[in-house]
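Data from my_file-v5.cif: mmCIF, C-alpha atoms
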```cif
data_structure
loop_
_atom_site.label_atom_id
_atom_site.label_comp_id
_atom_site.auth_asym_id
_atom_site.auth_seq_id
_atom_site.Cartn_x
_atom_site.Cartn_y
_atom_site.Cartn_z
CA MET A 278 -21.94 -36.07 51.35
CA LEU A 279 -20.54 -34.60 48.17
CA LYS A 280 -16.78 -34.25 48.40
CA ILE A 281 -15.14 -31.45 46.43
CA ALA A 282 -11.42 -30.82 45.98
CA ILE A 283 -9.98 -27.47 44.86
CA LEU A 284 -6.44 -28.06 43.62
CA ASP A 285 -3.31 -25.94 43.39
CA ASP A 286 -4.58 -22.89 45.22
CA TYR A 287 -1.02 -21.66 45.70
CA GLN A 288 -2.04 -18.18 46.84
CA ASN A 289 -4.85 -19.22 49.19
CA ALA A 290 -7.35 -17.32 47.05
CA ALA A 291 -10.08 -19.84 46.20
CA SER A 292 -11.93 -19.77 49.53
CA GLN A 293 -12.59 -16.03 49.30
CA ALA A 294 -13.19 -15.91 45.55
CA ALA A 295 -16.54 -17.74 45.62
CA ASP A 296 -19.28 -18.59 48.10
CA TRP A 297 -18.49 -22.27 48.59
CA ASP A 298 -20.67 -22.33 51.71
CA SER A 299 -23.67 -22.01 49.40
CA LEU A 300 -23.15 -25.68 48.44
CA ALA A 301 -25.40 -27.42 50.93
CA GLU A 302 -24.33 -30.89 52.05
CA ALA A 303 -20.90 -30.58 50.47
CA GLU A 304 -17.43 -30.90 51.97
CA VAL A 305 -14.90 -28.67 50.26
CA SER A 306 -11.17 -29.38 50.64
CA VAL A 307 -8.62 -26.89 49.34
CA PHE A 308 -5.07 -27.96 48.45
CA HIS A 309 -2.51 -25.18 48.59
CA ASP A 310 0.53 -27.24 47.59
CA TYR A 311 1.37 -28.93 44.31
CA ILE A 312 0.26 -32.49 45.04
CA ALA A 313 0.84 -33.47 41.43
CA GLY A 314 4.54 -33.37 42.30
CA SER A 315 3.97 -36.77 43.90
CA ASP A 316 4.06 -39.97 41.89
CA GLU A 317 0.76 -40.77 40.19
CA GLU A 318 -0.16 -43.50 42.66
CA THR A 319 0.19 -41.09 45.58
CA LEU A 320 -1.73 -38.40 43.71
CA ALA A 321 -4.53 -40.85 42.90
CA GLU A 322 -4.70 -41.93 46.53
CA LYS A 323 -5.09 -38.31 47.67
CA LEU A 324 -7.75 -37.54 45.07
CA ASN A 325 -9.61 -40.84 45.28
CA PRO A 326 -12.26 -39.74 47.83
CA PHE A 327 -13.49 -36.78 45.79
CA ASN A 328 -16.59 -36.67 43.60
CA VAL A 329 -15.81 -33.23 42.16
CA ILE A 330 -12.40 -31.75 41.41
CA VAL A 331 -11.80 -28.11 40.56
CA ALA A 332 -8.47 -27.78 38.74
CA MET A 333 -6.54 -24.63 37.90
CA ARG A 334 -5.65 -24.82 34.21
CA GLU A 335 -2.22 -26.26 33.42
CA ARG A 336 -1.24 -27.04 36.98
CA THR A 337 -2.26 -30.61 37.83
CA PRO A 338 -2.53 -32.76 34.68
CA PHE A 339 -5.24 -35.38 34.29
CA PRO A 340 -4.04 -37.99 31.79
CA ALA A 341 -6.05 -41.14 31.16
CA SER A 342 -3.83 -43.11 33.54
CA LEU A 343 -4.86 -40.85 36.44
CA LEU A 344 -8.54 -40.54 35.52
CA GLN A 345 -8.82 -44.33 35.44
CA LYS A 346 -7.62 -44.43 39.05
CA LEU A 347 -10.41 -42.11 40.27
CA PRO A 348 -13.63 -44.18 40.34
CA GLU A 349 -15.41 -41.69 42.63
CA LEU A 350 -14.84 -38.75 40.29
CA LYS A 351 -18.11 -37.57 38.72
CA LEU A 352 -17.31 -34.01 37.65
CA LEU A 353 -14.07 -32.26 36.69
CA VAL A 354 -14.03 -28.46 36.48
CA THR A 355 -11.13 -26.56 34.97
CA THR A 356 -10.53 -22.84 34.89
CA GLY A 357 -10.45 -21.70 31.29
CA MET A 358 -12.31 -23.06 28.30
CA ARG A 359 -9.43 -25.28 27.19
CA ASN A 360 -7.03 -27.45 29.13
CA LEU A 361 -4.58 -29.57 27.18
CA ALA A 362 -3.51 -31.28 30.41
CA ILE A 363 -6.83 -33.15 30.67
CA ASP A 364 -7.56 -36.24 28.57
CA MET A 365 -11.01 -35.11 27.46
CA GLU A 366 -11.84 -38.29 25.57
CA CYS A 367 -10.99 -40.54 28.50
CA ALA A 368 -13.12 -38.38 30.78
CA ARG A 369 -16.00 -38.60 28.31
CA GLN A 370 -15.69 -42.38 28.09
CA GLN A 371 -15.89 -42.53 31.89
CA ASN A 372 -18.98 -40.27 31.88
CA ILE A 373 -17.10 -37.48 33.64
CA PRO A 374 -18.16 -34.12 32.25
CA VAL A 375 -15.34 -31.59 32.10
CA CYS A 376 -16.66 -28.06 32.53
CA GLY A 377 -14.73 -24.87 31.92
CA THR A 378 -14.91 -21.24 32.96
CA SER A 379 -14.21 -17.86 31.46
CA MET A 380 -10.82 -16.19 31.97
CA VAL A 381 -9.83 -12.54 31.87
CA PRO A 382 -7.53 -11.72 28.92
CA HIS A 383 -5.95 -8.48 30.08
CA SER A 384 -3.86 -9.83 32.94
CA THR A 385 -1.34 -11.62 30.71
CA TYR A 386 -0.50 -8.70 28.46
CA GLU A 387 -0.37 -6.41 31.49
CA HIS A 388 2.13 -8.81 33.03
CA ALA A 389 4.20 -8.90 29.85
CA TRP A 390 4.49 -5.13 30.07
CA ALA A 391 5.34 -5.27 33.76
CA LEU A 392 8.26 -7.52 32.83
CA ILE A 393 9.33 -5.33 29.91
CA LEU A 394 9.31 -2.21 32.06
CA GLY A 395 11.04 -4.08 34.87
CA LEU A 396 13.86 -4.92 32.47
CA ALA A 397 14.06 -1.47 30.90
CA LYS A 398 14.10 0.43 34.17
CA ASN A 399 16.03 -2.06 36.37
CA ILE A 400 13.14 -1.98 38.85
CA VAL A 401 14.11 -5.05 40.89
CA ARG A 402 17.77 -4.06 41.35
CA GLU A 403 17.01 -0.40 42.03
CA ASN A 404 14.41 -1.36 44.63
CA ALA A 405 16.82 -3.73 46.38
CA LEU A 406 19.56 -1.09 46.33
CA MET A 407 17.30 1.57 47.83
CA HIS A 408 16.22 -0.75 50.64
CA ALA A 409 19.89 -1.51 51.29
CA GLY A 410 20.68 2.18 51.66
CA GLY A 411 22.13 2.75 48.19
CA TRP A 412 21.34 5.13 45.36
CA GLN A 413 21.30 4.57 41.57
CA ALA A 414 22.92 1.33 40.44
CA GLU A 415 22.57 1.00 36.70
CA VAL A 416 21.54 2.95 33.64
CA GLY A 417 18.24 1.80 32.16
CA PHE A 418 17.06 2.34 28.61
CA GLY A 419 14.15 4.09 26.95
CA LEU A 420 11.52 2.39 24.84
CA LYS A 421 10.78 5.14 22.32
CA ASP A 422 11.99 4.27 18.80
CA LYS A 423 13.11 0.80 19.91
CA ALA A 424 11.98 -2.25 17.94
CA LEU A 425 9.38 -4.36 19.72
CA GLY A 426 9.33 -7.82 18.17
CA ILE A 427 6.09 -9.77 18.62
CA LEU A 428 6.27 -13.51 18.10
CA GLY A 429 2.59 -14.29 17.64
CA LEU A 430 0.37 -11.31 16.80
CA GLY A 431 -2.90 -12.83 17.99
CA ARG A 432 -5.29 -11.67 20.69
CA LEU A 433 -2.63 -11.12 23.36
CA GLY A 434 0.24 -10.20 21.05
CA SER A 435 -1.88 -7.49 19.44
CA GLU A 436 -2.52 -5.89 22.84
CA VAL A 437 1.19 -5.96 23.67
CA ALA A 438 1.87 -4.35 20.29
CA ARG A 439 -0.74 -1.63 20.91
CA ILE A 440 0.87 -0.69 24.22
CA GLY A 441 4.30 -0.67 22.61
CA GLN A 442 3.04 1.75 20.00
CA ALA A 443 1.80 4.03 22.79
CA PHE A 444 5.40 4.13 24.04
CA GLY A 445 6.52 5.16 20.55
CA MET A 446 8.06 1.78 19.70
CA ARG A 447 8.37 0.36 16.21
CA VAL A 448 6.44 -2.93 16.16
CA ILE A 449 7.55 -5.83 13.98
CA ALA A 450 5.92 -9.24 14.03
CA TRP A 451 6.13 -12.78 12.70
CA SER A 452 4.49 -16.15 13.22
CA GLN A 453 3.70 -19.13 11.03
CA ASN A 454 0.15 -17.88 10.45
CA LEU A 455 0.85 -14.16 10.09
CA ASN A 456 0.88 -12.20 6.83
CA GLU A 457 1.31 -8.57 5.80
CA GLU A 458 -2.42 -7.84 5.81
CA LYS A 459 -2.99 -9.19 9.33
CA ALA A 460 0.05 -7.34 10.65
CA ALA A 461 -0.99 -4.08 9.01
CA ALA A 462 -4.40 -4.35 10.69
CA GLN A 463 -2.52 -4.03 14.01
CA ASN A 464 -0.28 -1.21 12.73
CA ALA A 465 2.67 -3.62 12.82
CA SER A 466 5.22 -4.46 10.15
CA TYR A 467 5.28 -8.07 8.98
CA VAL A 468 8.82 -9.43 8.75
CA ASP A 469 10.31 -12.87 8.28
CA LYS A 470 11.47 -14.92 11.24
CA GLU A 471 15.16 -14.09 10.85
CA THR A 472 14.47 -10.34 10.64
CA LEU A 473 12.29 -10.52 13.75
CA PHE A 474 15.09 -12.00 15.83
CA ARG A 475 17.83 -9.84 14.32
CA GLU A 476 16.06 -6.47 14.67
CA ALA A 477 14.05 -6.77 17.89
CA ASP A 478 15.34 -4.82 20.88
CA ILE A 479 12.69 -6.56 22.94
CA LEU A 480 11.17 -9.81 21.68
CA SER A 481 7.92 -10.84 23.37
CA ILE A 482 6.40 -14.30 22.81
CA HIS A 483 2.63 -14.75 22.47
CA LEU A 484 2.03 -18.17 20.88
CA LEU A 485 -0.01 -21.19 21.86
CA LEU A 486 2.05 -24.27 22.64
CA SER A 487 1.72 -26.88 19.90
CA ASP A 488 3.87 -29.33 17.99
CA ARG A 489 4.78 -26.47 15.63
CA THR A 490 5.80 -24.04 18.36
CA ARG A 491 7.53 -26.37 20.82
CA GLY A 492 11.22 -25.43 20.78
CA LEU A 493 10.58 -22.73 18.18
CA VAL A 494 13.01 -20.40 19.96
CA GLY A 495 16.23 -22.35 20.14
CA ALA A 496 19.96 -21.76 19.90
CA PRO A 497 19.88 -20.64 16.22
CA GLU A 498 17.17 -18.05 16.89
CA LEU A 499 18.81 -16.75 20.06
CA ALA A 500 22.11 -16.43 18.20
CA MET A 501 20.44 -14.05 15.74
CA MET A 502 19.49 -11.58 18.49
CA LYS A 503 21.39 -8.41 19.27
CA LYS A 504 23.73 -8.51 22.24
CA SER A 505 21.68 -5.61 23.64
CA ALA A 506 18.31 -7.34 23.15
CA TYR A 507 15.93 -8.85 25.69
CA LEU A 508 13.62 -11.86 25.44
CA VAL A 509 10.25 -11.94 27.25
CA ASN A 510 8.15 -15.11 27.54
CA THR A 511 4.69 -15.03 29.11
CA ALA A 512 3.29 -17.66 26.73
CA ARG A 513 4.44 -21.24 27.44
CA GLY A 514 7.81 -22.46 28.67
CA PRO A 515 8.53 -25.18 26.09
CA ILE A 516 8.30 -22.67 23.23
CA VAL A 517 11.81 -21.62 24.28
CA ASP A 518 14.63 -24.15 24.55
CA GLU A 519 15.58 -23.67 28.21
CA LYS A 520 19.10 -25.06 27.84
CA ALA A 521 19.78 -22.80 24.87
CA LEU A 522 18.44 -19.77 26.74
CA LEU A 523 20.51 -20.60 29.82
CA SER A 524 23.67 -20.87 27.72
CA CYS A 525 22.82 -17.61 25.95
CA LEU A 526 22.39 -15.78 29.26
CA GLN A 527 25.50 -17.31 30.82
CA ASN A 528 27.56 -16.16 27.85
CA LYS A 529 25.80 -12.77 27.84
CA ALA A 530 24.96 -13.25 24.17
CA ILE A 531 21.85 -11.15 24.85
CA ALA A 532 21.35 -8.49 27.53
CA GLY A 533 18.81 -10.48 29.48
CA ALA A 534 15.38 -12.07 29.63
CA ALA A 535 12.15 -12.06 31.62
CA ILE A 536 10.34 -15.37 32.04
CA ASP A 537 6.97 -16.26 33.59
CA VAL A 538 6.57 -19.81 32.22
CA TYR A 539 8.75 -22.92 32.38
CA ASP A 540 9.16 -26.48 31.14
CA ILE A 541 8.48 -27.78 34.64
CA GLU A 542 6.11 -25.92 36.95
CA PRO A 543 6.46 -25.09 39.75
CA LEU A 544 10.07 -24.33 38.86
CA PRO A 545 12.41 -26.67 40.79
CA GLN A 546 14.24 -24.94 43.62
CA ASP A 547 17.64 -25.90 42.21
CA HIS A 548 16.88 -24.80 38.64
CA PRO A 549 19.85 -22.82 37.24
CA PHE A 550 17.53 -20.02 36.12
CA ARG A 551 17.26 -19.01 39.78
CA SER A 552 20.95 -18.08 39.93
CA MET A 553 21.05 -15.85 36.85
CA ASN A 554 21.32 -12.12 37.58
CA ASN A 555 20.35 -11.17 34.01
CA LEU A 556 17.06 -13.05 34.21
CA LEU A 557 13.87 -11.56 35.68
CA LEU A 558 11.61 -14.36 36.97
CA THR A 559 7.97 -14.64 37.99
CA GLY A 560 6.14 -17.87 38.82
CA HIS A 561 3.49 -18.17 36.07
CA THR A 562 1.57 -15.28 37.57
CA GLY A 563 0.85 -13.59 34.26
CA TYR A 564 -2.80 -14.61 34.28
CA VAL A 565 -3.29 -14.46 38.05
CA VAL A 566 -5.23 -11.42 39.24
CA GLN A 567 -8.08 -11.10 41.75
CA GLU A 568 -10.60 -10.52 38.96
CA LEU A 569 -9.59 -13.82 37.37
CA TYR A 570 -10.01 -15.77 40.58
CA GLU A 571 -13.43 -14.29 41.25
CA LEU A 572 -14.61 -14.98 37.71
CA ALA A 573 -13.16 -18.46 37.36
CA TYR A 574 -13.99 -19.80 40.81
CA GLY A 575 -17.40 -18.14 40.67
CA GLN A 576 -18.19 -19.94 37.42
CA ALA A 577 -16.70 -23.17 38.77
CA LEU A 578 -19.23 -22.95 41.58
CA GLU A 579 -21.99 -22.29 39.02
CA ASN A 580 -20.86 -25.34 37.07
CA ILE A 581 -21.09 -27.57 40.13
CA LYS A 582 -24.58 -26.32 40.96
CA ALA A 583 -25.73 -26.79 37.37
CA TRP A 584 -24.35 -30.34 37.35
CA LEU A 585 -26.11 -31.11 40.64
CA ALA A 586 -29.33 -29.87 39.04
CA GLY A 587 -28.82 -32.32 36.17
CA GLU A 588 -28.00 -29.62 33.61
CA PRO A 589 -24.21 -29.38 33.31
CA GLN A 590 -23.00 -26.22 31.59
CA ARG A 591 -19.85 -25.09 29.80
CA VAL A 592 -19.07 -28.74 29.03
CA LEU A 593 -15.82 -29.14 27.10
CA ASN A 594 -16.01 -32.88 26.33
CA ALA A 595 -19.65 -33.34 25.36
#
```
Translate this file's structure into structure tokens.
Amino acid sequence: MLKIAILDDYQNAASQAADWDSLAEAEVSVFHDYIAGSDEETLAEKLNPFNVIVAMRERTPFPASLLQKLPELKLLVTTGMRNLAIDMECARQQNIPVCGTSMVPHSTYEHAWALILGLAKNIVRENALMHAGGWQAEVGFGLKDKALGILGLGRLGSEVARIGQAFGMRVIAWSQNLNEEKAAAQNASYVDKETLFREADILSIHLLLSDRTRGLVGAPELAMMKKSAYLVNTARGPIVDEKALLSCLQNKAIAGAAIDVYDIEPLPQDHPFRSMNNLLLTGHTGYVVQELYELAYGQALENIKAWLAGEPQRVLNA
């Protein structure tokens, strides 16, 4: 019998998102906890029986050292059409096709705006106060005429900029690949890096993680920001130096931050971020919406059926 593992289904959504019962003669096991938190030997032991593994992008990594410990693995499916946490070449050498799925783009920029509005309007604190019997805790701030700084004016950053413009914000942007012409095409003003950090009232990060962007927002950049400014990161945790951000928040060098992504995920329970009252936190849920689960798990199921038919599709390591 074909044995299939669905990993890291933290929200117990995979079973309802696709018709797994349509796989005749298959045994589907769903893992709701983060088993990659174990040592690699323990992880390999748990995954060893499975012929097919469905991985949620950027949760459980599959380096060569793990893939080589999984002799029964014949197909690896990842949500998304790229997954830097999988050693694609090693999988190819072991004749393991890695197949991807589509993702919905809108959920991340919607989440970025949920965080921005949560900061501006003190939503979390006001809600808690109301439930506790109180009334009006703090004064929020308006967005109109404020400077929205976009670090990375690509596909997602452009959507965040467009929404900011609808609020009447002044949009400024910078990245290593941006120029005046590209910024103007999004009705944004191109500025240099220093100006971006110095002028932004809200600075939202929308970059891919790479060697160039890792640690790009560190102590020097944070020190440039206004004391009244806010930082929002829905991109990738390591783009921001966590220690530098923690120190900045502890010293109230900026007004606050909203973070959805972290160096280590899931975020350790004792992480100092959890104790900061000027930090709005979500658990890498920026891309997680019902539509995403239905699309990604539905295509994962399609990928498995296509592979069983001898015609693998959406192969990322061909």
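Note that the spacing between CA of Glu436 in chain A and CA of Arg489 in chain A amounts to 23.0 Å.
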Which residues are near Leu361 in chain A? Cut-off 9 Å, all atoms listed in the file, ignore same chain within fewer than 2 positions. Put them as a PyMOL selection string.
chain A and resi 334-335+338+359+363-365
Around the point (13.8, -13.9, 34.4) in the file's coordinates, collect all residues with an atom within 12 Å, using all atoms listed in the file, and return them as a PyMOL selection string.
chain A and resi 389+392-393+395-396+401+507-511+514+519+522-523+526+532-539+544+549-561
Go through the shown structure with the PyMOL selection byres ((chain A and resi 305-317) around 7) and write out the matching residues as a ChimeraX atom specification.
/A:280-287,289,303-304,318-321,337,343
Evaluate the PyMOL selection byres ((chain A and resi 439) around 12) on the structure here and hand back the selected residues as an mmCIF file with C-alpha atoms, in the frame of the given file.
```cif
data_model
loop_
_atom_site.group_PDB
_atom_site.id
_atom_site.type_symbol
_atom_site.label_atom_id
_atom_site.label_comp_id
_atom_site.auth_asym_id
_atom_site.auth_seq_id
_atom_site.Cartn_x
_atom_site.Cartn_y
_atom_site.Cartn_z
ATOM 1 C CA TYR A 386 -0.500 -8.700 28.460
ATOM 2 C CA GLU A 387 -0.370 -6.410 31.490
ATOM 3 C CA TRP A 390 4.490 -5.130 30.070
ATOM 4 C CA LEU A 425 9.380 -4.360 19.720
ATOM 5 C CA ILE A 427 6.090 -9.770 18.620
ATOM 6 C CA LEU A 430 0.370 -11.310 16.800
ATOM 7 C CA GLY A 431 -2.900 -12.830 17.990
ATOM 8 C CA ARG A 432 -5.290 -11.670 20.690
ATOM 9 C CA LEU A 433 -2.630 -11.120 23.360
ATOM 10 C CA GLY A 434 0.240 -10.200 21.050
ATOM 11 C CA SER A 435 -1.880 -7.490 19.440
ATOM 12 C CA GLU A 436 -2.520 -5.890 22.840
ATOM 13 C CA VAL A 437 1.190 -5.960 23.670
ATOM 14 C CA ALA A 438 1.870 -4.350 20.290
ATOM 15 C CA ILE A 440 0.870 -0.690 24.220
ATOM 16 C CA GLY A 441 4.300 -0.670 22.610
ATOM 17 C CA GLN A 442 3.040 1.750 20.000
ATOM 18 C CA ALA A 443 1.800 4.030 22.790
ATOM 19 C CA PHE A 444 5.400 4.130 24.040
ATOM 20 C CA GLY A 445 6.520 5.160 20.550
ATOM 21 C CA MET A 446 8.060 1.780 19.700
ATOM 22 C CA ARG A 447 8.370 0.360 16.210
ATOM 23 C CA VAL A 448 6.440 -2.930 16.160
ATOM 24 C CA ILE A 449 7.550 -5.830 13.980
ATOM 25 C CA ALA A 460 0.050 -7.340 10.650
ATOM 26 C CA ALA A 462 -4.400 -4.350 10.690
ATOM 27 C CA GLN A 463 -2.520 -4.030 14.010
ATOM 28 C CA ASN A 464 -0.280 -1.210 12.730
ATOM 29 C CA ALA A 465 2.670 -3.620 12.820
#
```
Ala506 in chain A surroundings by all atoms listed in the file, 6 Å radius, close-in-sequence under 3 positions cut, as a compact mmCIF listing (two decimals) with C-alpha atoms, in the frame of the given file:
```
# COMPACT_ATOMS: atom_id res chain seq x y z
CA ASP A 478 15.34 -4.82 20.88
CA ILE A 479 12.69 -6.56 22.94
CA LYS A 503 21.39 -8.41 19.27
CA ILE A 531 21.85 -11.15 24.85
CA ALA A 532 21.35 -8.49 27.53
```
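Our summary of the geometry notes that CA of Phe418 in chain A is positioned 13.7 Å from CA of Glu403 in chain A.
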With N, CA and C atoms as the goal, would you fill in the gaps in range 364-390 of chain A and present it as a PDB file, in the frame of the given file?
```pdb
ATOM      1  N   ASP A 364      -7.178 -35.330  29.645  1.00  0.00           N
ATOM      2  CA  ASP A 364      -7.560 -36.240  28.570  1.00  0.00           C
ATOM      3  C   ASP A 364      -9.087 -36.197  28.458  1.00  0.00           C
ATOM      4  N   MET A 365      -9.572 -35.330  27.597  1.00  0.00           N
ATOM      5  CA  MET A 365     -11.010 -35.110  27.460  1.00  0.00           C
ATOM      6  C   MET A 365     -11.746 -36.362  27.000  1.00  0.00           C
ATOM      7  N   GLU A 366     -11.166 -37.101  26.094  1.00  0.00           N
ATOM      8  CA  GLU A 366     -11.840 -38.290  25.570  1.00  0.00           C
ATOM      9  C   GLU A 366     -11.967 -39.358  26.640  1.00  0.00           C
ATOM     10  N   CYS A 367     -10.918 -39.561  27.425  1.00  0.00           N
ATOM     11  CA  CYS A 367     -10.990 -40.540  28.500  1.00  0.00           C
ATOM     12  C   CYS A 367     -12.057 -40.140  29.513  1.00  0.00           C
ATOM     13  N   ALA A 368     -12.104 -38.856  29.846  1.00  0.00           N
ATOM     14  CA  ALA A 368     -13.120 -38.380  30.780  1.00  0.00           C
ATOM     15  C   ALA A 368     -14.518 -38.627  30.213  1.00  0.00           C
ATOM     16  N   ARG A 369     -14.690 -38.371  28.935  1.00  0.00           N
ATOM     17  CA  ARG A 369     -16.000 -38.600  28.310  1.00  0.00           C
ATOM     18  C   ARG A 369     -16.380 -40.066  28.364  1.00  0.00           C
ATOM     19  N   GLN A 370     -15.423 -40.950  28.071  1.00  0.00           N
ATOM     20  CA  GLN A 370     -15.690 -42.380  28.090  1.00  0.00           C
ATOM     21  C   GLN A 370     -16.075 -42.856  29.495  1.00  0.00           C
ATOM     22  N   GLN A 371     -15.566 -42.161  30.514  1.00  0.00           N
ATOM     23  CA  GLN A 371     -15.890 -42.530  31.890  1.00  0.00           C
ATOM     24  C   GLN A 371     -17.087 -41.749  32.435  1.00  0.00           C
ATOM     25  N   ASN A 372     -17.787 -41.048  31.515  1.00  0.00           N
ATOM     26  CA  ASN A 372     -18.980 -40.270  31.880  1.00  0.00           C
ATOM     27  C   ASN A 372     -18.670 -39.199  32.916  1.00  0.00           C
ATOM     28  N   ILE A 373     -17.499 -38.596  32.769  1.00  0.00           N
ATOM     29  CA  ILE A 373     -17.100 -37.480  33.640  1.00  0.00           C
ATOM     30  C   ILE A 373     -17.163 -36.213  32.799  1.00  0.00           C
ATOM     31  N   PRO A 374     -18.183 -35.380  32.980  1.00  0.00           N
ATOM     32  CA  PRO A 374     -18.160 -34.120  32.250  1.00  0.00           C
ATOM     33  C   PRO A 374     -17.024 -33.228  32.732  1.00  0.00           C
ATOM     34  N   VAL A 375     -16.372 -32.571  31.787  1.00  0.00           N
ATOM     35  CA  VAL A 375     -15.340 -31.590  32.100  1.00  0.00           C
ATOM     36  C   VAL A 375     -15.904 -30.228  31.744  1.00  0.00           C
ATOM     37  N   CYS A 376     -16.054 -29.378  32.740  1.00  0.00           N
ATOM     38  CA  CYS A 376     -16.660 -28.060  32.530  1.00  0.00           C
ATOM     39  C   CYS A 376     -15.621 -26.971  32.713  1.00  0.00           C
ATOM     40  N   GLY A 377     -15.707 -25.956  31.882  1.00  0.00           N
ATOM     41  CA  GLY A 377     -14.730 -24.870  31.920  1.00  0.00           C
ATOM     42  C   GLY A 377     -15.318 -23.588  32.460  1.00  0.00           C
ATOM     43  N   THR A 378     -14.491 -22.568  32.498  1.00  0.00           N
ATOM     44  CA  THR A 378     -14.910 -21.240  32.960  1.00  0.00           C
ATOM     45  C   THR A 378     -14.303 -20.183  32.051  1.00  0.00           C
ATOM     46  N   SER A 379     -14.810 -18.992  32.170  1.00  0.00           N
ATOM     47  CA  SER A 379     -14.210 -17.860  31.460  1.00  0.00           C
ATOM     48  C   SER A 379     -12.899 -17.474  32.142  1.00  0.00           C
ATOM     49  N   MET A 380     -12.070 -16.737  31.423  1.00  0.00           N
ATOM     50  CA  MET A 380     -10.820 -16.190  31.970  1.00  0.00           C
ATOM     51  C   MET A 380     -10.746 -14.720  31.544  1.00  0.00           C
ATOM     52  N   VAL A 381     -10.015 -13.932  32.281  1.00  0.00           N
ATOM     53  CA  VAL A 381      -9.830 -12.540  31.870  1.00  0.00           C
ATOM     54  C   VAL A 381      -8.585 -12.458  30.978  1.00  0.00           C
ATOM     55  N   PRO A 382      -8.668 -11.754  29.840  1.00  0.00           N
ATOM     56  CA  PRO A 382      -7.530 -11.720  28.920  1.00  0.00           C
ATOM     57  C   PRO A 382      -6.472 -10.685  29.254  1.00  0.00           C
ATOM     58  N   HIS A 383      -6.862  -9.627  29.963  1.00  0.00           N
ATOM     59  CA  HIS A 383      -5.950  -8.480  30.080  1.00  0.00           C
ATOM     60  C   HIS A 383      -4.769  -8.742  30.999  1.00  0.00           C
ATOM     61  N   SER A 384      -4.910  -9.677  31.940  1.00  0.00           N
ATOM     62  CA  SER A 384      -3.860  -9.830  32.940  1.00  0.00           C
ATOM     63  C   SER A 384      -2.533 -10.271  32.321  1.00  0.00           C
ATOM     64  N   THR A 385      -2.583 -11.111  31.295  1.00  0.00           N
ATOM     65  CA  THR A 385      -1.340 -11.620  30.710  1.00  0.00           C
ATOM     66  C   THR A 385      -0.573 -10.537  29.977  1.00  0.00           C
ATOM     67  N   TYR A 386      -1.264  -9.739  29.171  1.00  0.00           N
ATOM     68  CA  TYR A 386      -0.500  -8.700  28.460  1.00  0.00           C
ATOM     69  C   TYR A 386      -0.077  -7.576  29.401  1.00  0.00           C
ATOM     70  N   GLU A 387      -0.837  -7.349  30.473  1.00  0.00           N
ATOM     71  CA  GLU A 387      -0.370  -6.410  31.490  1.00  0.00           C
ATOM     72  C   GLU A 387       0.923  -6.925  32.136  1.00  0.00           C
ATOM     73  N   HIS A 388       0.955  -8.225  32.395  1.00  0.00           N
ATOM     74  CA  HIS A 388       2.130  -8.810  33.030  1.00  0.00           C
ATOM     75  C   HIS A 388       3.338  -8.751  32.099  1.00  0.00           C
ATOM     76  N   ALA A 389       3.101  -9.001  30.821  1.00  0.00           N
ATOM     77  CA  ALA A 389       4.200  -8.900  29.850  1.00  0.00           C
ATOM     78  C   ALA A 389       4.813  -7.510  29.903  1.00  0.00           C
ATOM     79  N   TRP A 390       3.959  -6.494  30.021  1.00  0.00           N
ATOM     80  CA  TRP A 390       4.490  -5.130  30.070  1.00  0.00           C
ATOM     81  C   TRP A 390       5.138  -4.815  31.406  1.00  0.00           C
TER      82      TRP A 390
END
```
